[in-house]
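Below is coords_27.cif, which holds mmCIF, C-alpha atoms (C1' of nucleotides).
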```
data_start
#
loop_
_atom_site.group_PDB
_atom_site.id
_atom_site.type_symbol
_atom_site.label_atom_id
_atom_site.label_comp_id
_atom_site.auth_asym_id
_atom_site.auth_seq_id
_atom_site.Cartn_x
_atom_site.Cartn_y
_atom_site.Cartn_z
ATOM 1 C CA MET A 897 -78.283 -32.810 -101.743
ATOM 2 C CA VAL A 898 -75.651 -30.559 -100.320
ATOM 3 C CA THR A 899 -73.802 -32.315 -97.536
ATOM 4 C CA SER A 900 -72.258 -29.527 -95.535
ATOM 5 C CA THR A 901 -69.977 -31.182 -93.041
ATOM 6 C CA LYS A 902 -69.063 -28.397 -90.680
ATOM 7 C CA GLN A 903 -65.473 -27.907 -89.671
ATOM 8 C CA THR A 904 -63.565 -26.032 -87.020
ATOM 9 C CA SER A 905 -62.263 -22.591 -87.972
ATOM 10 C CA ARG A 906 -58.780 -24.006 -87.483
ATOM 11 C CA GLU A 907 -59.461 -26.697 -90.071
ATOM 12 C CA VAL A 908 -60.893 -24.193 -92.514
ATOM 13 C CA VAL A 909 -57.837 -21.967 -92.107
ATOM 14 C CA GLU A 910 -55.522 -24.909 -92.736
ATOM 15 C CA CYS A 911 -57.403 -25.778 -95.886
ATOM 16 C CA LEU A 912 -57.462 -22.176 -97.125
ATOM 17 C CA LYS A 913 -53.758 -21.722 -96.448
ATOM 18 C CA VAL A 914 -53.024 -24.647 -98.726
ATOM 19 C CA ILE A 915 -55.172 -23.561 -101.647
ATOM 20 C CA SER A 916 -54.514 -19.823 -101.405
ATOM 21 C CA ASP A 917 -51.608 -20.205 -103.773
ATOM 22 C CA PRO A 918 -52.070 -19.810 -107.534
ATOM 23 C CA THR A 919 -50.240 -23.021 -108.418
ATOM 24 C CA ARG A 920 -52.000 -25.174 -105.862
ATOM 25 C CA LEU A 921 -55.430 -23.702 -106.561
ATOM 26 C CA LEU A 922 -55.040 -24.471 -110.244
ATOM 27 C CA ILE A 923 -53.710 -27.961 -109.519
ATOM 28 C CA MET A 924 -56.886 -28.562 -107.524
ATOM 29 C CA LYS A 925 -58.983 -27.194 -110.388
ATOM 30 C CA LEU A 926 -57.249 -29.696 -112.675
ATOM 31 C CA VAL A 927 -57.463 -32.767 -110.439
ATOM 32 C CA GLU A 928 -61.088 -32.005 -109.701
ATOM 33 C CA GLN A 929 -61.811 -33.260 -113.225
ATOM 34 C CA LYS A 930 -59.396 -36.175 -113.613
ATOM 35 C CA GLU A 931 -56.111 -37.567 -112.388
ATOM 36 C CA TYR A 932 -52.846 -36.031 -113.539
ATOM 37 C CA CYS A 933 -49.326 -37.318 -113.616
ATOM 38 C CA VAL A 934 -46.567 -35.204 -112.030
ATOM 39 C CA CYS A 935 -44.824 -34.893 -115.385
ATOM 40 C CA GLN A 936 -47.945 -33.281 -116.803
ATOM 41 C CA PHE A 937 -47.949 -30.619 -114.117
ATOM 42 C CA VAL A 938 -44.278 -29.996 -114.842
ATOM 43 C CA ASP A 939 -45.154 -29.361 -118.485
ATOM 44 C CA MET A 940 -48.082 -27.110 -117.667
ATOM 45 C CA PHE A 941 -46.615 -24.845 -115.003
ATOM 46 C CA ALA A 942 -43.645 -22.569 -115.491
ATOM 47 C CA ILE A 943 -41.828 -23.748 -112.382
ATOM 48 C CA SER A 944 -39.285 -26.475 -111.705
ATOM 49 C CA GLN A 945 -40.096 -30.128 -111.041
ATOM 50 C CA PRO A 946 -39.079 -29.900 -107.372
ATOM 51 C CA ALA A 947 -41.375 -26.901 -106.959
ATOM 52 C CA ILE A 948 -44.271 -28.941 -108.361
ATOM 53 C CA SER A 949 -43.335 -31.835 -106.108
ATOM 54 C CA GLN A 950 -43.368 -29.583 -103.062
ATOM 55 C CA HIS A 951 -46.775 -28.163 -103.941
ATOM 56 C CA LEU A 952 -48.138 -31.690 -104.356
ATOM 57 C CA ARG A 953 -46.691 -32.676 -101.008
ATOM 58 C CA LYS A 954 -48.537 -29.836 -99.312
ATOM 59 C CA LEU A 955 -51.786 -30.753 -101.000
ATOM 60 C CA LYS A 956 -51.309 -34.376 -100.014
ATOM 61 C CA GLN A 957 -50.364 -33.586 -96.431
ATOM 62 C CA ALA A 958 -53.540 -31.539 -96.132
ATOM 63 C CA GLY A 959 -55.468 -34.525 -97.477
ATOM 64 C CA LEU A 960 -56.760 -32.635 -100.496
ATOM 65 C CA VAL A 961 -55.307 -35.000 -103.074
ATOM 66 C CA LYS A 962 -54.502 -38.677 -103.151
ATOM 67 C CA GLU A 963 -51.561 -40.293 -104.835
ATOM 68 C CA ASP A 964 -51.564 -43.387 -107.017
ATOM 69 C CA ARG A 965 -48.211 -44.920 -107.985
ATOM 70 C CA ARG A 966 -48.265 -46.862 -111.237
ATOM 71 C CA GLY A 967 -44.922 -47.813 -112.690
ATOM 72 C CA GLN A 968 -42.570 -44.871 -112.703
ATOM 73 C CA TRP A 969 -45.417 -42.448 -112.541
ATOM 74 C CA ARG A 970 -47.369 -40.918 -109.747
ATOM 75 C CA TYR A 971 -50.879 -39.794 -110.428
ATOM 76 C CA TYR A 972 -52.675 -37.260 -108.309
ATOM 77 C CA SER A 973 -56.391 -36.702 -108.066
ATOM 78 C CA ILE A 974 -58.783 -34.971 -105.710
ATOM 79 C CA ASP A 975 -59.463 -36.912 -102.540
ATOM 80 C CA GLU A 976 -63.239 -36.992 -102.403
ATOM 81 C CA SER A 977 -63.133 -38.519 -98.952
ATOM 82 C CA SER A 978 -61.338 -35.506 -97.474
ATOM 83 C CA VAL A 979 -63.116 -33.481 -94.813
ATOM 84 C CA HIS A 980 -62.170 -30.490 -96.946
ATOM 85 C CA SER A 981 -63.521 -31.890 -100.186
ATOM 86 C CA HIS A 982 -66.825 -30.062 -100.076
ATOM 87 C CA LEU A 983 -65.248 -26.767 -99.077
ATOM 88 C CA VAL A 984 -62.624 -27.043 -101.794
ATOM 89 C CA LYS A 985 -65.117 -27.884 -104.502
ATOM 90 C CA GLY A 986 -67.297 -24.989 -103.443
ATOM 91 C CA ILE A 987 -64.334 -22.661 -103.824
ATOM 92 C CA LEU A 988 -63.234 -24.126 -107.161
ATOM 93 C CA ASN A 989 -66.757 -23.620 -108.412
ATOM 94 C CA HIS A 990 -66.246 -19.868 -108.096
ATOM 95 C CA ILE A 991 -63.554 -19.918 -110.744
ATOM 96 C CA ASP A 992 -64.819 -18.917 -114.153
ATOM 97 C CA LYS A 993 -64.636 -21.700 -116.733
ATOM 98 C CA GLU A 994 -63.112 -19.158 -119.099
ATOM 99 C CA ASP A 995 -60.359 -18.259 -116.660
ATOM 100 C CA GLU A 996 -57.301 -17.251 -118.631
ATOM 101 C CA GLN A 997 -54.717 -18.884 -116.356
ATOM 102 C CA PHE A 998 -56.612 -22.142 -116.265
ATOM 103 C CA ASN A 999 -57.114 -22.323 -120.023
ATOM 104 C CA LEU A 1000 -53.465 -21.495 -120.565
ATOM 105 C CA LEU A 1001 -52.627 -24.550 -118.470
ATOM 106 C CA LEU A 1002 -55.026 -26.759 -120.365
ATOM 107 C CA SER A 1003 -53.482 -25.656 -123.651
ATOM 108 C CA LYS A 1004 -50.128 -26.931 -122.403
ATOM 109 C CA GLU A 1005 -51.469 -30.288 -121.332
ATOM 110 C CA THR A 1006 -49.518 -33.226 -122.738
ATOM 111 C CA PRO A 1007 -50.195 -36.976 -122.668
ATOM 112 C CA VAL A 1008 -48.447 -38.888 -119.888
ATOM 113 C CA ASN A 1009 -45.984 -40.720 -122.084
ATOM 114 C CA CYS A 1010 -44.796 -37.474 -123.601
ATOM 115 C CA LYS A 1011 -41.289 -38.883 -123.987
ATOM 116 C CA MET B 64 -81.398 -18.250 -105.339
ATOM 117 C CA VAL B 65 -77.701 -18.766 -105.407
ATOM 118 C CA THR B 66 -76.037 -16.056 -107.422
ATOM 119 C CA SER B 67 -72.678 -17.476 -108.368
ATOM 120 C CA THR B 68 -70.708 -14.661 -109.916
ATOM 121 C CA LYS B 69 -67.684 -16.366 -111.378
ATOM 122 C CA GLN B 70 -64.253 -14.911 -110.779
ATOM 123 C CA THR B 71 -60.792 -15.329 -112.207
ATOM 124 C CA SER B 72 -58.482 -17.761 -110.442
ATOM 125 C CA ARG B 73 -56.290 -14.782 -109.626
ATOM 126 C CA GLU B 74 -59.187 -13.055 -107.868
ATOM 127 C CA VAL B 75 -60.054 -16.195 -105.931
ATOM 128 C CA VAL B 76 -56.431 -16.567 -104.827
ATOM 129 C CA GLU B 77 -56.348 -12.952 -103.647
ATOM 130 C CA CYS B 78 -59.498 -13.480 -101.629
ATOM 131 C CA LEU B 79 -58.274 -16.755 -100.121
ATOM 132 C CA LYS B 80 -54.920 -15.249 -99.193
ATOM 133 C CA VAL B 81 -56.718 -12.613 -97.162
ATOM 134 C CA ILE B 82 -59.009 -14.938 -95.247
ATOM 135 C CA SER B 83 -56.568 -17.821 -94.791
ATOM 136 C CA ASP B 84 -55.453 -16.341 -91.507
ATOM 137 C CA PRO B 85 -57.136 -17.352 -88.247
ATOM 138 C CA THR B 86 -57.650 -13.787 -87.047
ATOM 139 C CA ARG B 87 -59.031 -12.497 -90.314
ATOM 140 C CA LEU B 88 -61.246 -15.517 -90.913
ATOM 141 C CA LEU B 89 -62.804 -15.094 -87.476
ATOM 142 C CA ILE B 90 -63.188 -11.345 -87.985
ATOM 143 C CA MET B 91 -65.146 -12.137 -91.137
ATOM 144 C CA LYS B 92 -67.241 -14.672 -89.229
ATOM 145 C CA LEU B 93 -68.039 -11.930 -86.726
ATOM 146 C CA VAL B 94 -68.811 -9.119 -89.162
ATOM 147 C CA GLU B 95 -70.949 -11.460 -91.214
ATOM 148 C CA GLN B 96 -73.542 -11.131 -88.443
ATOM 149 C CA LYS B 97 -73.244 -7.487 -87.419
ATOM 150 C CA GLU B 98 -70.895 -4.546 -87.360
ATOM 151 C CA TYR B 99 -68.095 -4.410 -84.814
ATOM 152 C CA CYS B 100 -66.014 -1.596 -83.442
ATOM 153 C CA VAL B 101 -62.227 -1.879 -83.544
ATOM 154 C CA CYS B 102 -62.085 -1.693 -79.771
ATOM 155 C CA GLN B 103 -64.274 -4.779 -79.583
ATOM 156 C CA PHE B 104 -61.881 -6.771 -81.750
ATOM 157 C CA VAL B 105 -59.037 -5.610 -79.541
ATOM 158 C CA ASP B 106 -60.862 -7.007 -76.506
ATOM 159 C CA MET B 107 -61.705 -10.302 -78.208
ATOM 160 C CA PHE B 108 -58.404 -11.222 -79.818
ATOM 161 C CA ALA B 109 -55.153 -11.815 -77.937
ATOM 162 C CA ILE B 110 -53.099 -9.550 -80.155
ATOM 163 C CA SER B 111 -52.201 -5.868 -80.018
ATOM 164 C CA GLN B 112 -54.353 -3.024 -81.311
ATOM 165 C CA PRO B 113 -51.980 -2.281 -84.217
ATOM 166 C CA ALA B 114 -52.120 -5.935 -85.224
ATOM 167 C CA ILE B 115 -55.924 -5.749 -85.343
ATOM 168 C CA SER B 116 -55.723 -2.516 -87.295
ATOM 169 C CA GLN B 117 -53.428 -4.122 -89.860
ATOM 170 C CA HIS B 118 -55.708 -7.115 -90.278
ATOM 171 C CA LEU B 119 -58.652 -4.795 -90.818
ATOM 172 C CA ARG B 120 -56.676 -2.839 -93.378
ATOM 173 C CA LYS B 121 -56.015 -6.009 -95.355
ATOM 174 C CA LEU B 122 -59.665 -6.987 -95.251
ATOM 175 C CA LYS B 123 -60.675 -3.515 -96.328
ATOM 176 C CA GLN B 124 -58.124 -3.321 -99.133
ATOM 177 C CA ALA B 125 -59.452 -6.612 -100.458
ATOM 178 C CA GLY B 126 -62.942 -5.118 -100.321
ATOM 179 C CA LEU B 127 -64.231 -7.738 -97.897
ATOM 180 C CA VAL B 128 -65.286 -5.275 -95.225
ATOM 181 C CA LYS B 129 -66.495 -1.717 -95.204
ATOM 182 C CA GLU B 130 -65.695 0.924 -92.658
ATOM 183 C CA ASP B 131 -68.081 3.337 -90.995
ATOM 184 C CA ARG B 132 -66.659 6.178 -88.909
ATOM 185 C CA ARG B 133 -68.932 7.444 -86.173
ATOM 186 C CA GLY B 134 -67.412 9.719 -83.587
ATOM 187 C CA GLN B 135 -64.171 8.334 -82.277
ATOM 188 C CA TRP B 136 -65.109 4.855 -83.346
ATOM 189 C CA ARG B 137 -64.723 2.926 -86.543
ATOM 190 C CA TYR B 138 -67.163 0.159 -87.242
ATOM 191 C CA TYR B 139 -66.473 -2.654 -89.627
ATOM 192 C CA SER B 140 -68.958 -4.918 -91.322
ATOM 193 C CA ILE B 141 -69.033 -7.312 -94.236
ATOM 194 C CA ASP B 142 -69.225 -5.607 -97.615
ATOM 195 C CA GLU B 143 -72.116 -7.375 -99.265
ATOM 196 C CA SER B 144 -71.386 -5.599 -102.529
ATOM 197 C CA SER B 145 -67.949 -7.159 -102.827
ATOM 198 C CA VAL B 146 -67.256 -9.473 -105.742
ATOM 199 C CA HIS B 147 -65.919 -11.851 -103.100
ATOM 200 C CA SER B 148 -68.956 -11.670 -100.844
ATOM 201 C CA HIS B 149 -70.577 -14.860 -102.074
ATOM 202 C CA LEU B 150 -67.327 -16.815 -101.986
ATOM 203 C CA VAL B 151 -66.536 -15.608 -98.493
ATOM 204 C CA LYS B 152 -69.958 -16.397 -97.129
ATOM 205 C CA GLY B 153 -69.801 -19.853 -98.653
ATOM 206 C CA ILE B 154 -66.521 -20.448 -96.859
ATOM 207 C CA LEU B 155 -67.736 -19.025 -93.549
ATOM 208 C CA ASN B 156 -70.704 -21.328 -93.781
ATOM 209 C CA HIS B 157 -68.351 -24.284 -93.446
ATOM 210 C CA ILE B 158 -67.361 -23.240 -89.961
ATOM 211 C CA ASP B 159 -69.224 -25.119 -87.281
ATOM 212 C CA LYS B 160 -71.480 -22.919 -85.146
ATOM 213 C CA GLU B 161 -70.012 -24.647 -82.122
ATOM 214 C CA ASP B 162 -66.446 -23.802 -83.130
ATOM 215 C CA GLU B 163 -64.389 -23.425 -79.993
ATOM 216 C CA GLN B 164 -62.275 -20.490 -81.190
ATOM 217 C CA PHE B 165 -65.302 -18.581 -82.391
ATOM 218 C CA ASN B 166 -67.274 -19.107 -79.221
ATOM 219 C CA LEU B 167 -64.278 -18.107 -77.163
ATOM 220 C CA LEU B 168 -64.281 -14.812 -79.050
ATOM 221 C CA LEU B 169 -67.982 -14.296 -78.525
ATOM 222 C CA SER B 170 -67.543 -14.881 -74.806
ATOM 223 C CA LYS B 171 -65.090 -11.990 -74.706
ATOM 224 C CA GLU B 172 -67.353 -9.610 -76.580
ATOM 225 C CA THR B 173 -67.859 -6.297 -74.835
ATOM 226 C CA PRO B 174 -70.153 -3.378 -75.565
ATOM 227 C CA VAL B 175 -68.669 -0.536 -77.589
ATOM 228 C CA ASN B 176 -68.527 1.954 -74.758
ATOM 229 C CA CYS B 177 -66.621 -0.459 -72.597
ATOM 230 C CA LYS B 178 -64.788 2.388 -70.868
ATOM 231 C "C1'" DG C 769 -25.676 -54.584 -112.768
ATOM 232 C "C1'" DA C 770 -25.296 -50.085 -115.088
ATOM 233 C "C1'" DC C 771 -28.011 -46.326 -117.319
ATOM 234 C "C1'" DT C 772 -32.127 -43.753 -117.772
ATOM 235 C "C1'" DT C 773 -36.394 -41.711 -116.362
ATOM 236 C "C1'" DA C 774 -39.740 -40.030 -112.891
ATOM 237 C "C1'" DT C 775 -40.174 -38.065 -108.666
ATOM 238 C "C1'" DA C 776 -38.887 -36.725 -103.940
ATOM 239 C "C1'" DT C 777 -35.924 -34.602 -100.600
ATOM 240 C "C1'" DA C 778 -32.234 -31.428 -98.918
ATOM 241 C "C1'" DA C 779 -30.068 -27.172 -98.533
ATOM 242 C "C1'" DG C 780 -29.916 -22.478 -99.391
ATOM 243 C "C1'" DT C 781 -32.023 -17.994 -100.389
ATOM 244 C "C1'" DA C 782 -35.164 -14.167 -101.386
ATOM 245 C "C1'" DT C 783 -39.587 -12.637 -100.390
ATOM 246 C "C1'" DT C 784 -43.671 -12.235 -97.748
ATOM 247 C "C1'" DT C 785 -46.175 -12.295 -93.580
ATOM 248 C "C1'" DT C 786 -47.397 -11.164 -88.948
ATOM 249 C "C1'" DA C 787 -46.333 -9.741 -84.961
ATOM 250 C "C1'" DT C 788 -44.182 -6.021 -81.828
ATOM 251 C "C1'" DT C 789 -43.119 -1.155 -79.979
ATOM 252 C "C1'" DA C 790 -43.167 3.615 -80.885
ATOM 253 C "C1'" DT C 791 -45.476 7.340 -82.781
ATOM 254 C "C1'" DA C 792 -48.893 10.094 -85.389
ATOM 255 C "C1'" DC C 793 -53.467 11.579 -86.180
ATOM 256 C "C1'" DA C 794 -58.299 12.627 -85.306
ATOM 257 C "C1'" DA C 795 -62.276 13.180 -82.381
ATOM 258 C "C1'" DT C 796 -64.059 14.293 -77.671
ATOM 259 C "C1'" DG C 797 -64.467 16.758 -73.622
ATOM 260 C "C1'" DA C 798 -62.721 19.416 -69.557
ATOM 261 C "C1'" DT D 461 -56.547 24.679 -75.829
ATOM 262 C "C1'" DC D 462 -54.857 20.836 -73.692
ATOM 263 C "C1'" DA D 463 -55.422 16.038 -72.216
ATOM 264 C "C1'" DT D 464 -57.571 11.757 -73.231
ATOM 265 C "C1'" DT D 465 -59.293 8.155 -76.086
ATOM 266 C "C1'" DG D 466 -59.640 5.437 -80.348
ATOM 267 C "C1'" DT D 467 -57.351 4.101 -84.303
ATOM 268 C "C1'" DA D 468 -53.804 4.131 -87.992
ATOM 269 C "C1'" DT D 469 -49.107 4.151 -89.595
ATOM 270 C "C1'" DA D 470 -43.982 3.423 -89.335
ATOM 271 C "C1'" DA D 471 -40.119 0.803 -88.386
ATOM 272 C "C1'" DT D 472 -38.415 -3.455 -87.401
ATOM 273 C "C1'" DA D 473 -37.686 -8.360 -86.240
ATOM 274 C "C1'" DA D 474 -38.952 -13.189 -86.469
ATOM 275 C "C1'" DA D 475 -41.050 -16.730 -88.830
ATOM 276 C "C1'" DA D 476 -43.084 -18.798 -92.786
ATOM 277 C "C1'" DT D 477 -43.204 -19.384 -97.775
ATOM 278 C "C1'" DA D 478 -41.921 -20.567 -102.373
ATOM 279 C "C1'" DC D 479 -38.673 -20.770 -105.279
ATOM 280 C "C1'" DT D 480 -33.845 -22.487 -106.891
ATOM 281 C "C1'" DT D 481 -29.928 -26.129 -107.636
ATOM 282 C "C1'" DA D 482 -28.016 -30.378 -106.181
ATOM 283 C "C1'" DT D 483 -28.764 -34.921 -104.887
ATOM 284 C "C1'" DA D 484 -31.227 -39.168 -103.480
ATOM 285 C "C1'" DT D 485 -34.476 -42.806 -104.396
ATOM 286 C "C1'" DA D 486 -37.066 -45.996 -107.019
ATOM 287 C "C1'" DA D 487 -38.776 -48.115 -111.143
ATOM 288 C "C1'" DG D 488 -37.837 -49.526 -115.992
ATOM 289 C "C1'" DT D 489 -34.627 -50.934 -119.749
ATOM 290 C "C1'" DC D 490 -30.672 -52.811 -121.989
#
```
Represent the supplied structure as structure tokens.
Amino acid sequence: MVTSTKQTSREVVECLKVISDPTRLLIMKLVEQKEYCVCQFVDMFAISQPAISQHLRKLKQAGLVKEDRRGQWRYYSIDESSVHSHLVKGILNHIDKEDEQFNLLLSKETPVNCK
Amino acid sequence: MVTSTKQTSREVVECLKVISDPTRLLIMKLVEQKEYCVCQFVDMFAISQPAISQHLRKLKQAGLVKEDRRGQWRYYSIDESSVHSHLVKGILNHIDKEDEQFNLLLSKETPVNCK
DNA sequence: GACTTATATAAGTATTTTATTATACAATGA
DNA sequence: TCATTGTATAATAAAATACTTATATAAGTC
């Protein structure tokens, strides 16, 4: 069953604004599958740790991801309870599984306790 | 049948960037149903004619709309042949039919030969 | 408690975006 | 052909965005 919870155009715009960035779209593509630790994103993307942190803050403020603090680490995963969840997943589904950028990220994935 | 032509993440980002603006998203919601003349957009939105023109240019450059010149008028409509067409329509489908902004626009709709 | 590690926040900056006003261009009609 | 109408483009300014480096916070370790 496809539950299509309708949203206001304003809400849709807010959601699109957040994911219309290459880093954040790919973060969403990652966390759609499983949770990731911040340090893993830092290893995968070619930007600084604060930049990653700021992207995650935007995603969290928009309610697209949820945060789980365990020890020193913070894990992020898709927030399935978000009003935007269905819209986001529909969009992510348009990305080819063989997408070069995405597979490049996956190839850089490291375990959480990398060091 | 749902034809889901997969795209690169880069392509999806480019598409999202273009429609993650309230004016352009609503223009797409309008032209999804029928063609509109530039002068109609100018009447419906509370921004200047050049601003409308620039939004339309962005939509056209991204291939989301097509232009039809007839007489003095230029008509815009959704480009169904676009690689983004399916993605865009999926997104537009998340907007509530009772959306306040959208209905406000519709209430301001005028015929083409308004004056 | 001091040191380290993981992450967030602050401040600053370069770039991009979106509007505006002014102007150009293209079609219509007297 | 000249004026009008519809639309696009140019120039510019203001605001938003996405980085950077520096620093703060918070948890873990010795």
Worksheet item: Which polymer residues have any atom within 10 Å of an atom of DT465 (chain D), counting all atoms listed in the file, with same-chain residues fewer than 2 positions away left out, as JSON, numbers by chain?
Response: {"B": [135, 136, 178], "C": [795, 796], "D": [463, 467]}
Rotate and translate chain B onto chain A via least squares on all in-order Cα pairs, then write the result as a CSV table (one decimal) with C-alpha atoms, keeping the file's coordinate frame.
```csv
chain,number,residue,atom,x,y,z
B,64,MET,CA,-78.2,-32.8,-101.9
B,65,VAL,CA,-75.6,-30.5,-100.4
B,66,THR,CA,-73.8,-32.3,-97.6
B,67,SER,CA,-72.3,-29.5,-95.5
B,68,THR,CA,-70.0,-31.1,-93.0
B,69,LYS,CA,-69.1,-28.3,-90.6
B,70,GLN,CA,-65.5,-27.8,-89.6
B,71,THR,CA,-63.6,-25.9,-87.0
B,72,SER,CA,-62.3,-22.5,-88.0
B,73,ARG,CA,-58.8,-23.9,-87.5
B,74,GLU,CA,-59.5,-26.6,-90.0
B,75,VAL,CA,-60.9,-24.2,-92.5
B,76,VAL,CA,-57.8,-21.9,-92.1
B,77,GLU,CA,-55.5,-24.9,-92.7
B,78,CYS,CA,-57.4,-25.8,-95.9
B,79,LEU,CA,-57.5,-22.2,-97.1
B,80,LYS,CA,-53.8,-21.7,-96.5
B,81,VAL,CA,-53.0,-24.7,-98.7
B,82,ILE,CA,-55.2,-23.6,-101.6
B,83,SER,CA,-54.5,-19.8,-101.4
B,84,ASP,CA,-51.6,-20.2,-103.8
B,85,PRO,CA,-52.1,-19.8,-107.5
B,86,THR,CA,-50.2,-23.0,-108.4
B,87,ARG,CA,-52.0,-25.2,-105.8
B,88,LEU,CA,-55.4,-23.7,-106.5
B,89,LEU,CA,-55.0,-24.5,-110.2
B,90,ILE,CA,-53.7,-28.0,-109.5
B,91,MET,CA,-56.9,-28.6,-107.5
B,92,LYS,CA,-59.0,-27.2,-110.4
B,93,LEU,CA,-57.2,-29.7,-112.7
B,94,VAL,CA,-57.4,-32.8,-110.4
B,95,GLU,CA,-61.1,-32.0,-109.7
B,96,GLN,CA,-61.8,-33.3,-113.2
B,97,LYS,CA,-59.4,-36.2,-113.6
B,98,GLU,CA,-56.1,-37.6,-112.4
B,99,TYR,CA,-52.8,-36.0,-113.5
B,100,CYS,CA,-49.3,-37.3,-113.6
B,101,VAL,CA,-46.5,-35.2,-112.1
B,102,CYS,CA,-44.8,-34.9,-115.4
B,103,GLN,CA,-47.9,-33.3,-116.8
B,104,PHE,CA,-47.9,-30.6,-114.1
B,105,VAL,CA,-44.3,-30.0,-114.8
B,106,ASP,CA,-45.2,-29.4,-118.5
B,107,MET,CA,-48.1,-27.1,-117.7
B,108,PHE,CA,-46.6,-24.9,-115.0
B,109,ALA,CA,-43.7,-22.5,-115.5
B,110,ILE,CA,-41.9,-23.7,-112.4
B,111,SER,CA,-39.3,-26.5,-111.7
B,112,GLN,CA,-40.1,-30.1,-111.1
B,113,PRO,CA,-39.1,-29.9,-107.4
B,114,ALA,CA,-41.4,-26.9,-106.9
B,115,ILE,CA,-44.3,-29.0,-108.3
B,116,SER,CA,-43.3,-31.9,-106.1
B,117,GLN,CA,-43.4,-29.6,-103.0
B,118,HIS,CA,-46.8,-28.2,-103.9
B,119,LEU,CA,-48.1,-31.7,-104.3
B,120,ARG,CA,-46.7,-32.7,-101.0
B,121,LYS,CA,-48.5,-29.9,-99.3
B,122,LEU,CA,-51.8,-30.8,-101.0
B,123,LYS,CA,-51.3,-34.4,-100.0
B,124,GLN,CA,-50.4,-33.6,-96.4
B,125,ALA,CA,-53.6,-31.6,-96.1
B,126,GLY,CA,-55.5,-34.5,-97.5
B,127,LEU,CA,-56.8,-32.7,-100.5
B,128,VAL,CA,-55.3,-35.0,-103.1
B,129,LYS,CA,-54.5,-38.7,-103.2
B,130,GLU,CA,-51.5,-40.3,-104.8
B,131,ASP,CA,-51.5,-43.4,-107.0
B,132,ARG,CA,-48.2,-44.9,-108.0
B,133,ARG,CA,-48.2,-46.8,-111.3
B,134,GLY,CA,-44.9,-47.8,-112.8
B,135,GLN,CA,-42.5,-44.9,-112.8
B,136,TRP,CA,-45.4,-42.4,-112.6
B,137,ARG,CA,-47.3,-40.9,-109.8
B,138,TYR,CA,-50.9,-39.8,-110.4
B,139,TYR,CA,-52.7,-37.3,-108.3
B,140,SER,CA,-56.4,-36.7,-108.0
B,141,ILE,CA,-58.8,-35.0,-105.7
B,142,ASP,CA,-59.5,-36.9,-102.5
B,143,GLU,CA,-63.2,-37.0,-102.4
B,144,SER,CA,-63.1,-38.5,-98.9
B,145,SER,CA,-61.3,-35.5,-97.4
B,146,VAL,CA,-63.1,-33.5,-94.8
B,147,HIS,CA,-62.2,-30.5,-96.9
B,148,SER,CA,-63.5,-31.9,-100.2
B,149,HIS,CA,-66.8,-30.1,-100.1
B,150,LEU,CA,-65.2,-26.8,-99.1
B,151,VAL,CA,-62.6,-27.0,-101.8
B,152,LYS,CA,-65.1,-27.9,-104.5
B,153,GLY,CA,-67.3,-25.0,-103.5
B,154,ILE,CA,-64.3,-22.7,-103.8
B,155,LEU,CA,-63.2,-24.2,-107.2
B,156,ASN,CA,-66.7,-23.6,-108.4
B,157,HIS,CA,-66.2,-19.9,-108.1
B,158,ILE,CA,-63.5,-19.9,-110.8
B,159,ASP,CA,-64.8,-18.9,-114.2
B,160,LYS,CA,-64.6,-21.7,-116.8
B,161,GLU,CA,-63.1,-19.2,-119.1
B,162,ASP,CA,-60.4,-18.3,-116.7
B,163,GLU,CA,-57.3,-17.3,-118.6
B,164,GLN,CA,-54.7,-18.9,-116.4
B,165,PHE,CA,-56.6,-22.2,-116.3
B,166,ASN,CA,-57.1,-22.3,-120.0
B,167,LEU,CA,-53.5,-21.5,-120.6
B,168,LEU,CA,-52.6,-24.6,-118.5
B,169,LEU,CA,-55.0,-26.8,-120.4
B,170,SER,CA,-53.5,-25.6,-123.6
B,171,LYS,CA,-50.1,-26.9,-122.4
B,172,GLU,CA,-51.5,-30.3,-121.3
B,173,THR,CA,-49.5,-33.2,-122.7
B,174,PRO,CA,-50.2,-37.0,-122.7
B,175,VAL,CA,-48.5,-38.9,-119.9
B,176,ASN,CA,-46.0,-40.7,-122.1
B,177,CYS,CA,-44.8,-37.4,-123.6
B,178,LYS,CA,-41.3,-38.8,-124.1
```
Item to complete: State, in Å with one decimal place, the distance from CA of Glu143 (chain B) to CA of Arg87 (chain B).
Response: 16.7 Å
Discussion item. Tell me as an NGL selection string which residues belonging to chain A come within 12 Å of chain D, counting only C-alpha atoms (C1' of nucleotides).
Written reply: :A and (913-914 or 916-920 or 942-951 or 954 or 965-970)
Worksheet item: So what do you get for CA of Gln164 (chain B) versus CA of Ser905 (chain A), distance-wise?
Response: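 A separation of 7.1 Å between them.
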Worksheet item: Hey, can you check how far CA of His149 (chain B) sits from CA of Lys985 (chain A)?
Response: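 Result for CA of His149 (chain B) versus CA of Lys985 (chain A): 14.3 Å, one decimal.
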Practice prompt. Output as a list in words the set of chain C residues within 12 Å of chain B, with distances taken over all atoms listed in the file.
Written response: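 Written out as asked, the residues are DT784, DT785, DT786, DA787, DT788, DT789, DA790, DT791, DC793, DA794, DA795 and DT796 of chain C.
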Worksheet entry | Residue hits in chain A, query chain B, radius 9 Å, all atoms listed in the file, as a ChimeraX atom specification | /A:900-918,921-922,982-983,986-998
Put a box with edges along x, y and z around all the listed atoms of region 82-88 of chain B, pad it by 6 Å on each side, then give me its centre and sizes in Å, one decimal, as JSON.
```
{"center_x": -58.3, "center_y": -15.2, "center_z": -91.1, "size_x": 17.8, "size_y": 17.3, "size_z": 20.2}
```
Which residues are near Leu1001 (chain A)? Cut-off 10 Å, all atoms listed in the file, ignore same chain within fewer than 6 positions. Put them as a tab-separated table (two decimals) with C-alpha atoms, in the frame of the given file.
```tsv
chain	number	residue	atom	x	y	z
A	922	LEU	CA	-55.04	-24.47	-110.24
A	923	ILE	CA	-53.71	-27.96	-109.52
A	926	LEU	CA	-57.25	-29.70	-112.68
A	937	PHE	CA	-47.95	-30.62	-114.12
A	939	ASP	CA	-45.15	-29.36	-118.48
A	940	MET	CA	-48.08	-27.11	-117.67
A	941	PHE	CA	-46.62	-24.84	-115.00
A	942	ALA	CA	-43.64	-22.57	-115.49
```
